[in-house]
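Right, one structure below, let's go through it.
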Amino acid sequence: MTTTRRPEEREESAAQNFIRAIISEDLEKGRHTKVVTRFPPEPNGYLHIGHAKAICTNFGLAREFGGVCHLRMDDTNPTTEDVEYVENIQRDVRWLGFDWGDKLFYASDYFERLYAFAVELIKKGKAYVDSLNEAEIREYRGTVNEPGKPSPYRDRSIEENLDLFERMRKGEFAEGAHVVRMKGDLASPNMKMRDWPMYRIKRAHHYRTGDTWCIYPLYDFAHSLSDAIEGITHSICTLEFDNNRALYDWFVENVDVPARPRQYEFARLNLTYTVMSKRKLLELVKGNLVRGWDDPRMPTLAGMRRRGITPDSLRAFCEEIGVAKTNSTVEVEKFESCIRADLDRRAGRVMAVLRPIKLVLENYPEGKVEEFEAPLFPDEPGKGGSRKIPFSREVYIERDDFTLDPPDKWFRLAPGREVRLRYAYIVTCKDVVRDPATGEVTEIRCTYDPETREGAAQAGKKVKGTLHWVSAAHALRAEVRLYDRLFRDERPDLVEEGQDWKAGLNPDSLVTIQGAAVEPSLAAAEGGQHFQFERQGFFFVDPIDAKPGAPVFNRTVSLKDSWAKIAERKQEASPAGKKADEAKPAVKTSPEERLGKLTPEARAIAEALESRGLGREDAIVLAEDADLRAFYDQAVAAHPGPKTVASLVVNELARKLDGKKPSALPFNGAALGELASLIDDRTITPTIAKEVLAEMLTSGEAPRAIVERKGMRQVSDASALEPIVDKVLAESPNEVKRYKEGNTKLLGFFVGKVMKASSGKANAERVNELLLKKLG
């Protein structure tokens, strides 16, 4: 539905914080004298990176304007909440660098007052006790195209409603017997306003109030009035609550509350190769697909903390992506860049050989040990001090740093080749020792040049390759955990019909190496310390599993992004069924090589586009084609969503031009910008957008007009989707039975059927949530 925006909510680019502008204007015009925000998590799971953005926004704005931010647990559902989650939420907020002082609250603190507010609404004739069951309430509510009809219990007298509500509180009725609903507008296009429920019976033990209550307020009622009780000035939430704003305003305007807070929505954080749904994260934990909420592969703050990601890098990332009003998905590479930038300045350099092979220096005296003084920060003399590295006749180098058959431009070690050992000498490979049974190289025999000690006069001798190493006699053995992205797919939450989203899990997301050789200075490493293993990546001493003298290192992030190369290799692999003479893939130019071949002007354009959030491939395509770039610029001027626009221009439109210029199209860039805006505000799905674009290419009609004429709007409202979900489940009793017996892969089957029944209009994420709720 179209939502009317307040005048002060002016559009700004994604890099800006439009809420900051609203607060500034509110203070300047005297609407408020002090800023009061709140972060209101439900304690039913661990916080994730999406919550980090909300924390930084709420606490950060309050701090910036000299106000306060409350931490309030939205604990109105006793069946899913636990004190464990409460404690971890507090820990996460503090770890991220924020503090609520004495402003820690719980929605359960207000149960008595909320009950009184409900009584007030009943007395005013604005709420009633309904005895329809859940399915009947959905049916009576109508659809997006049909108005609702009044419940047969809607006209109960005030006295009867008050009596029933009091008896509900006393526990006289079973769950589902009654529900309290507001009296809204049954013809409203906003389904939330069609007598939305306020209270339900739930016989469950609450972790704070025990068995005092058997009725509990629902989210919209409790949340808005808790804000009003606390005097919140700016109630900041994510875009999925856009339709809830009318309900929020209705509740605070129809009861006697001490304040009239206002709700503002911003785009939630979506990150590639990541799922943000708490339900899905809980499914990973309960299914033992990860090692708990703090598994370093998880996007939870607990997992990131254990992986070695710092709160500084998280705050920097949140600041860089900004607060916008248009949903988009941020590339995980941007987050990894913030992590590297932070760790680069704090992690001392050390040497570690993960997959060792022995290198013996035949002309180095046996029993001799030298020590080299090596700085922890070689590029910043004087910073962090140094450590001593022992050197002996036998050292370990990385197995991948040696090959018997070197390819072109191989600058590492091979028979007859020379390399420098970091901080030490230049060595030359003379021979190898092989395993008699397998032929595998088990030892490399070299000589060293004593005149080439690093830092001394080298008689003009230079080599191109430098290897890290560890003295075999002094090496400390350690466990190293190489963490990578948890999912292989860029959007793991978007699955095709019949597929299970968990099938996209990356089987190589954790590789554990036992017996890596690290330099002896790391014997004193303690949990929580950061290091850069030279040529390997940034590593963190595991704060739980590491023991004195037996460190365990978690890889936080690699030194460079290797994911693009891995994906490229997979893409180049021969498809099944090709003839032998066709199986060899064509040689592809990497994005880095293509970038290097651009003119200085085009390269500057590509880098500028990357800085605005575009992927490197899209940036290069636009930098190479001035006509396509001009069309892109027109589209972005109409809709400041550069990544979505670029995806449409590069991946969809460019393929359909077939050599023609964009000027030959029956529409201009602004029309494509309008199409991108429909994707970003979730009016349509990306799949529907392709259908709309095809229509635009034929008729030149405006995208919004096509969407309205053909009824293509995406459906996100749970109340509109539930009847479709219920129908699909009712028609698939055998599959439901198999799912409940443990075949959870059938979830994708159900999603596909719902998507088909809705003609592709259903919001896939919301469908997943509803199915998981109903299937248990």
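By convention here, the chains of the structure tokens are called A, B, ... in the order presented, each chain's residues are numbered starting at 1, and ligands are numbered starting at 1 in the order presented.
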
Task: Test item: residues at most 8 Å from Glu398 (chain A), only C-alpha atoms, excluding those fewer than 6 positions along its chain, as a ChimeraX atom specification - done: /A:353-357,468-469

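Each of A:Leu486, A:Ala62, A:Ala267, A:Ala637 was compared to Ile232 (chain A) using only C-alpha atoms, and A:Ala62 turns out to be the nearest.
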
Task: Pick from A:Val332, A:Val692, A:Val725, A:Val621, whichever lies nearest to Leu678 (chain A) using only C-alpha atoms - done: A:Val692

TODO: Excluding region 656-667 of chain A and residues on its chain fewer than 2 positions from it, collect all residues at most 6 Å away from it, counting only C-alpha atoms, and give them as a ChimeraX atom specification.
DONE: /A:653-654,700

I need the chosen residues saved as a PDB file, in the first residue's frame, with C-alpha atoms.
ATOM      1  CA  LEU A 653      18.941  -4.146 -19.600  1.00  0.00           C
ATOM      2  CA  ALA A 654      22.389  -4.459 -21.216  1.00  0.00           C
ATOM      3  CA  GLY A 700       7.275   1.973 -22.929  1.00  0.00           C
TER       4      GLY A 700
END

- [ ] Would you return as a PyMOL selection string the members of region 582-764 of chain A that DSSP assigns to helix (DSSP H, G or I) on this structure's backbone?
- [x] chain A and resi 582+591-597+600-611+616-624+626-638+642-657+662-664+669-680+686-699+703-710+718-730+733-740+744-757+764

Open item on the list: If I take CA of Gly673 (chain A) and CA of Ala54 (chain A), how far is one from the other in Å, to one decimal?
Closed with: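 Here the two named atoms are 27.6 Å from each other.
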
Open item on the list: Taking 6 positions as the minimum chain separation for residues in the same chain, which residues sit within 7 Å of region 716-724 of chain A when counting only C-alpha atoms? Answer as a PyMOL selection string.
Closed with: chain A and resi 138+143-144+754+762-763+766

Task: Distance query Lys464 (chain A) at most 10 Å, only C-alpha atoms, self and fewer than 6 positions along chain excluded, as a PyMOL selection string - done: chain A and resi 409-412+418-420

Pull C-alpha atoms from the residues just selected and write them as a PDB file, in the first residue's frame.
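File selection.pdb, as written:
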ATOM      1  CA  LYS A 409      55.205 -16.046 -12.919  1.00  0.00           C
ATOM      2  CA  TRP A 410      55.789 -18.442 -10.008  1.00  0.00           C
ATOM      3  CA  PHE A 411      57.855 -16.474  -7.511  1.00  0.00           C
ATOM      4  CA  ARG A 412      57.905 -19.028  -4.732  1.00  0.00           C
ATOM      5  CA  GLU A 418      65.774 -18.866  -5.090  1.00  0.00           C
ATOM      6  CA  VAL A 419      63.563 -17.144  -2.497  1.00  0.00           C
ATOM      7  CA  ARG A 420      64.137 -15.064   0.600  1.00  0.00           C
TER       8      ARG A 420
END

Task: Using only C-alpha atoms: which of A:Thr233, A:Ala246, A:Glu283, A:Glu139 has the shortest distance to Lys192 (chain A) - done: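 That would be A:Ala246, the residue with the smallest distance to Lys192 (chain A).
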
Open item on the list: Just want the 7 Å neighbourhood of region 114-124 of chain A, counted on only C-alpha atoms, with same-chain residues fewer than 2 positions away dropped. Output as a count of residues only.
Closed with: 11

TODO: Could you jot down the CA of Ile513 (chain A) to CA of Asn288 (chain A) separation for me, Å, one decimal place?
DONE: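 So the answer is 21.1 Å.
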